[in-house]
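These notes are about the structure you will find just below.
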Amino acid sequence: MKATASRLALLALAVLMLGAATSGTVSITMPTVTVPLKPGPGMEVVDASCRTCHSAAYIYTQPRLTRAQWTAEVTKMKAAYGAPIADGDVNTIVEYLVAQNGKP
Ligand code: HEC
């Protein structure tokens, strides 16, 4: 009997402590990460087509890709993730990407 009572008291204490630990609201400020696109032909098209979902860092953190690889990347964004890219813009975008971060 006595053991049950003290166990209950311990449980109550634990619940109280948990409440105290989680009741305070903590706010944190996330850093704003903005990676600008570097100027070049087609930049506006890339800006409109690529930056709705993720930052331009995705372009610059890739290893240098060939034209074929960048074309596959743009096609993947469009087909797999539904990027709003007009068919007529694919070439312009690929040219920009190759100029920025491409290899022959
Ligand atoms: C509809 C949303 C969307 C748009 C628009 C979009 N992407 Fe992505 N992108 C994604 C998702 C989702 C991933 C993969 C998940 C992740 O890593 O965050 C990704 C990943 C990437 C990667 C990393 C490599 C990989 O294949 O995962 C690159 C490079 C990239 N995107 C480039 C582009 C370029 C260039 C454009 C414009 C032509 C573009 N994205 C437009 C959604 C999008």
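Letters A, B, ... mark the chains of the structure tokens in the order given; residue numbers begin at 1 per chain; ligand numbers begin at 1, in order shown.
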Give me the chain A side of the contact with ligand 1, cut-off 12 Å, one line per residue showing its nearest atom pair and distance in Å at one decimal, counting only C-alpha atoms and all ligand atoms, sorted by chain and residue number, as a Markdown table.
```
| residue | atom | partner | partner_atom_place_in_ligand_line | distance |
| --- | --- | --- | --- | --- |
| A:Leu37 | CA | ligand 1 | 35 (C) | 10.9 |
| A:Gly42 | CA | ligand 1 | 38 (C) | 10.9 |
| A:Met43 | CA | ligand 1 | 37 (C) | 10.7 |
| A:Glu44 | CA | ligand 1 | 37 (C) | 11.1 |
| A:Val45 | CA | ligand 1 | 38 (C) | 8.6 |
| A:Val46 | CA | ligand 1 | 37 (C) | 5.8 |
| A:Asp47 | CA | ligand 1 | 37 (C) | 7.8 |
| A:Ala48 | CA | ligand 1 | 37 (C) | 8.1 |
| A:Ser49 | CA | ligand 1 | 37 (C) | 4.9 |
| A:Cys50 | CA | ligand 1 | 37 (C) | 3.3 |
| A:Arg51 | CA | ligand 1 | 5 (C) | 6.1 |
| A:Thr52 | CA | ligand 1 | 5 (C) | 5.3 |
| A:Cys53 | CA | ligand 1 | 2 (C) | 4.4 |
| A:His54 | CA | ligand 1 | 7 (N) | 6.3 |
| A:Ser55 | CA | ligand 1 | 40 (N) | 8.5 |
| A:Ala56 | CA | ligand 1 | 32 (C) | 7.7 |
| A:Ala57 | CA | ligand 1 | 29 (C) | 8.2 |
| A:Tyr58 | CA | ligand 1 | 29 (C) | 4.6 |
| A:Ile59 | CA | ligand 1 | 29 (C) | 4.7 |
| A:Tyr60 | CA | ligand 1 | 29 (C) | 7.7 |
| A:Thr61 | CA | ligand 1 | 29 (C) | 7.6 |
| A:Gln62 | CA | ligand 1 | 29 (C) | 6.0 |
| A:Pro63 | CA | ligand 1 | 29 (C) | 9.2 |
| A:Arg64 | CA | ligand 1 | 29 (C) | 10.3 |
| A:Leu65 | CA | ligand 1 | 29 (C) | 9.5 |
| A:Gln69 | CA | ligand 1 | 29 (C) | 9.9 |
| A:Trp70 | CA | ligand 1 | 35 (C) | 7.6 |
| A:Thr71 | CA | ligand 1 | 35 (C) | 9.0 |
| A:Ala72 | CA | ligand 1 | 26 (O) | 8.9 |
| A:Glu73 | CA | ligand 1 | 26 (O) | 5.9 |
| A:Val74 | CA | ligand 1 | 38 (C) | 4.8 |
| A:Thr75 | CA | ligand 1 | 38 (C) | 7.9 |
| A:Lys76 | CA | ligand 1 | 26 (O) | 7.1 |
| A:Met77 | CA | ligand 1 | 7 (N) | 4.8 |
| A:Lys78 | CA | ligand 1 | 4 (C) | 7.1 |
| A:Ala79 | CA | ligand 1 | 1 (C) | 9.3 |
| A:Ala80 | CA | ligand 1 | 12 (C) | 8.3 |
| A:Tyr81 | CA | ligand 1 | 1 (C) | 4.8 |
| A:Gly82 | CA | ligand 1 | 1 (C) | 4.8 |
| A:Ala83 | CA | ligand 1 | 5 (C) | 3.6 |
| A:Pro84 | CA | ligand 1 | 5 (C) | 5.9 |
| A:Ile85 | CA | ligand 1 | 38 (C) | 6.8 |
| A:Ala86 | CA | ligand 1 | 38 (C) | 9.9 |
| A:Asp87 | CA | ligand 1 | 38 (C) | 11.0 |
| A:Asp89 | CA | ligand 1 | 38 (C) | 8.9 |
| A:Val90 | CA | ligand 1 | 38 (C) | 7.4 |
| A:Asn91 | CA | ligand 1 | 38 (C) | 10.1 |
| A:Thr92 | CA | ligand 1 | 38 (C) | 9.7 |
| A:Ile93 | CA | ligand 1 | 38 (C) | 6.2 |
| A:Val94 | CA | ligand 1 | 38 (C) | 7.9 |
| A:Glu95 | CA | ligand 1 | 35 (C) | 10.8 |
| A:Tyr96 | CA | ligand 1 | 35 (C) | 9.2 |
| A:Leu97 | CA | ligand 1 | 35 (C) | 7.0 |
| A:Val98 | CA | ligand 1 | 35 (C) | 10.3 |
| A:Gln100 | CA | ligand 1 | 35 (C) | 10.8 |
| A:Asn101 | CA | ligand 1 | 29 (C) | 10.2 |
| A:Gly102 | CA | ligand 1 | 29 (C) | 11.6 |
```
Between CA of Arg67 in chain A and CA of Thr34 in chain A, what distance in Å does the model show, to one decimal? 25.9 Å
From range 22-90 of chain A, collect each residue whose DSSP state is alpha helix (DSSP H) and return the set as a VMD selection string. chain A and resid 22 to 23 43 to 50 57 to 60 67 to 81 90
Include N, CA and C atoms and write out the residues we just selected as a tab-separated table (two decimals), in the first residue's frame.
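The new file selection-v8.tsv reads:
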```
chain	number	residue	atom	x	y	z
A	22	THR	N	8.20	21.79	-20.29
A	22	THR	CA	7.71	21.99	-21.65
A	22	THR	C	6.76	23.18	-21.79
A	23	SER	N	6.38	23.82	-20.67
A	23	SER	CA	5.37	24.86	-20.79
A	23	SER	C	5.94	26.18	-21.31
A	43	MET	N	19.00	34.13	-67.12
A	43	MET	CA	18.86	34.18	-65.67
A	43	MET	C	17.41	34.37	-65.23
A	44	GLU	N	16.68	35.25	-65.95
A	44	GLU	CA	15.29	35.52	-65.55
A	44	GLU	C	14.43	34.26	-65.68
A	45	VAL	N	14.68	33.50	-66.73
A	45	VAL	CA	13.90	32.28	-66.95
A	45	VAL	C	14.20	31.27	-65.84
A	46	VAL	N	15.46	31.15	-65.49
A	46	VAL	CA	15.84	30.22	-64.43
A	46	VAL	C	15.25	30.69	-63.10
A	47	ASP	N	15.30	31.99	-62.90
A	47	ASP	CA	14.74	32.55	-61.68
A	47	ASP	C	13.26	32.16	-61.54
A	48	ALA	N	12.51	32.31	-62.63
A	48	ALA	CA	11.08	32.02	-62.59
A	48	ALA	C	10.80	30.51	-62.54
A	49	SER	N	11.66	29.72	-63.15
A	49	SER	CA	11.37	28.29	-63.28
A	49	SER	C	11.90	27.44	-62.14
A	50	CYS	N	12.94	27.91	-61.47
A	50	CYS	CA	13.64	27.01	-60.54
A	50	CYS	C	13.52	27.42	-59.09
A	57	ALA	N	21.14	27.57	-54.56
A	57	ALA	CA	22.28	26.81	-54.04
A	57	ALA	C	22.32	25.41	-54.67
A	58	TYR	N	21.14	24.90	-55.01
A	58	TYR	CA	21.09	23.56	-55.61
A	58	TYR	C	21.87	23.51	-56.92
A	59	ILE	N	21.90	24.66	-57.60
A	59	ILE	CA	22.62	24.71	-58.86
A	59	ILE	C	24.12	24.74	-58.62
A	60	TYR	N	24.51	25.57	-57.63
A	60	TYR	CA	25.94	25.81	-57.44
A	60	TYR	C	26.62	24.75	-56.59
A	67	ARG	N	26.37	19.12	-70.43
A	67	ARG	CA	25.10	19.59	-70.99
A	67	ARG	C	24.02	18.49	-70.88
A	68	ALA	N	24.43	17.25	-71.18
A	68	ALA	CA	23.47	16.14	-71.12
A	68	ALA	C	22.97	15.94	-69.68
A	69	GLN	N	23.87	16.08	-68.73
A	69	GLN	CA	23.47	15.90	-67.33
A	69	GLN	C	22.55	17.02	-66.86
A	70	TRP	N	22.85	18.26	-67.26
A	70	TRP	CA	21.97	19.37	-66.88
A	70	TRP	C	20.60	19.24	-67.54
A	71	THR	N	20.61	18.76	-68.79
A	71	THR	CA	19.34	18.55	-69.48
A	71	THR	C	18.52	17.51	-68.72
A	72	ALA	N	19.17	16.44	-68.28
A	72	ALA	CA	18.47	15.40	-67.53
A	72	ALA	C	17.95	15.97	-66.20
A	73	GLU	N	18.73	16.85	-65.61
A	73	GLU	CA	18.34	17.45	-64.33
A	73	GLU	C	17.08	18.32	-64.50
A	74	VAL	N	17.08	19.13	-65.54
A	74	VAL	CA	15.91	20.00	-65.79
A	74	VAL	C	14.69	19.14	-66.13
A	75	THR	N	14.91	18.11	-66.93
A	75	THR	CA	13.80	17.21	-67.28
A	75	THR	C	13.24	16.53	-66.04
A	76	LYS	N	14.13	16.15	-65.11
A	76	LYS	CA	13.69	15.52	-63.87
A	76	LYS	C	12.87	16.49	-63.02
A	77	MET	N	13.32	17.75	-62.93
A	77	MET	CA	12.57	18.74	-62.14
A	77	MET	C	11.16	18.89	-62.71
A	78	LYS	N	11.08	18.87	-64.03
A	78	LYS	CA	9.80	19.06	-64.71
A	78	LYS	C	8.92	17.81	-64.58
A	79	ALA	N	9.47	16.65	-64.92
A	79	ALA	CA	8.66	15.43	-64.98
A	79	ALA	C	8.38	14.85	-63.59
A	80	ALA	N	9.41	14.81	-62.76
A	80	ALA	CA	9.24	14.14	-61.46
A	80	ALA	C	8.64	15.07	-60.41
A	81	TYR	N	9.02	16.35	-60.43
A	81	TYR	CA	8.60	17.25	-59.36
A	81	TYR	C	7.58	18.29	-59.82
A	90	VAL	N	13.34	25.06	-71.90
A	90	VAL	CA	14.32	24.07	-71.43
A	90	VAL	C	15.73	24.39	-71.95
```
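Atom pair CA of Thr66 in chain A / CA of Lys103 in chain A has a distance of 5.0 Å (rounded to one decimal).
Interatomic distance, CA of Ser6 in chain A to CA of Gly24 in chain A: 28.2 Å.
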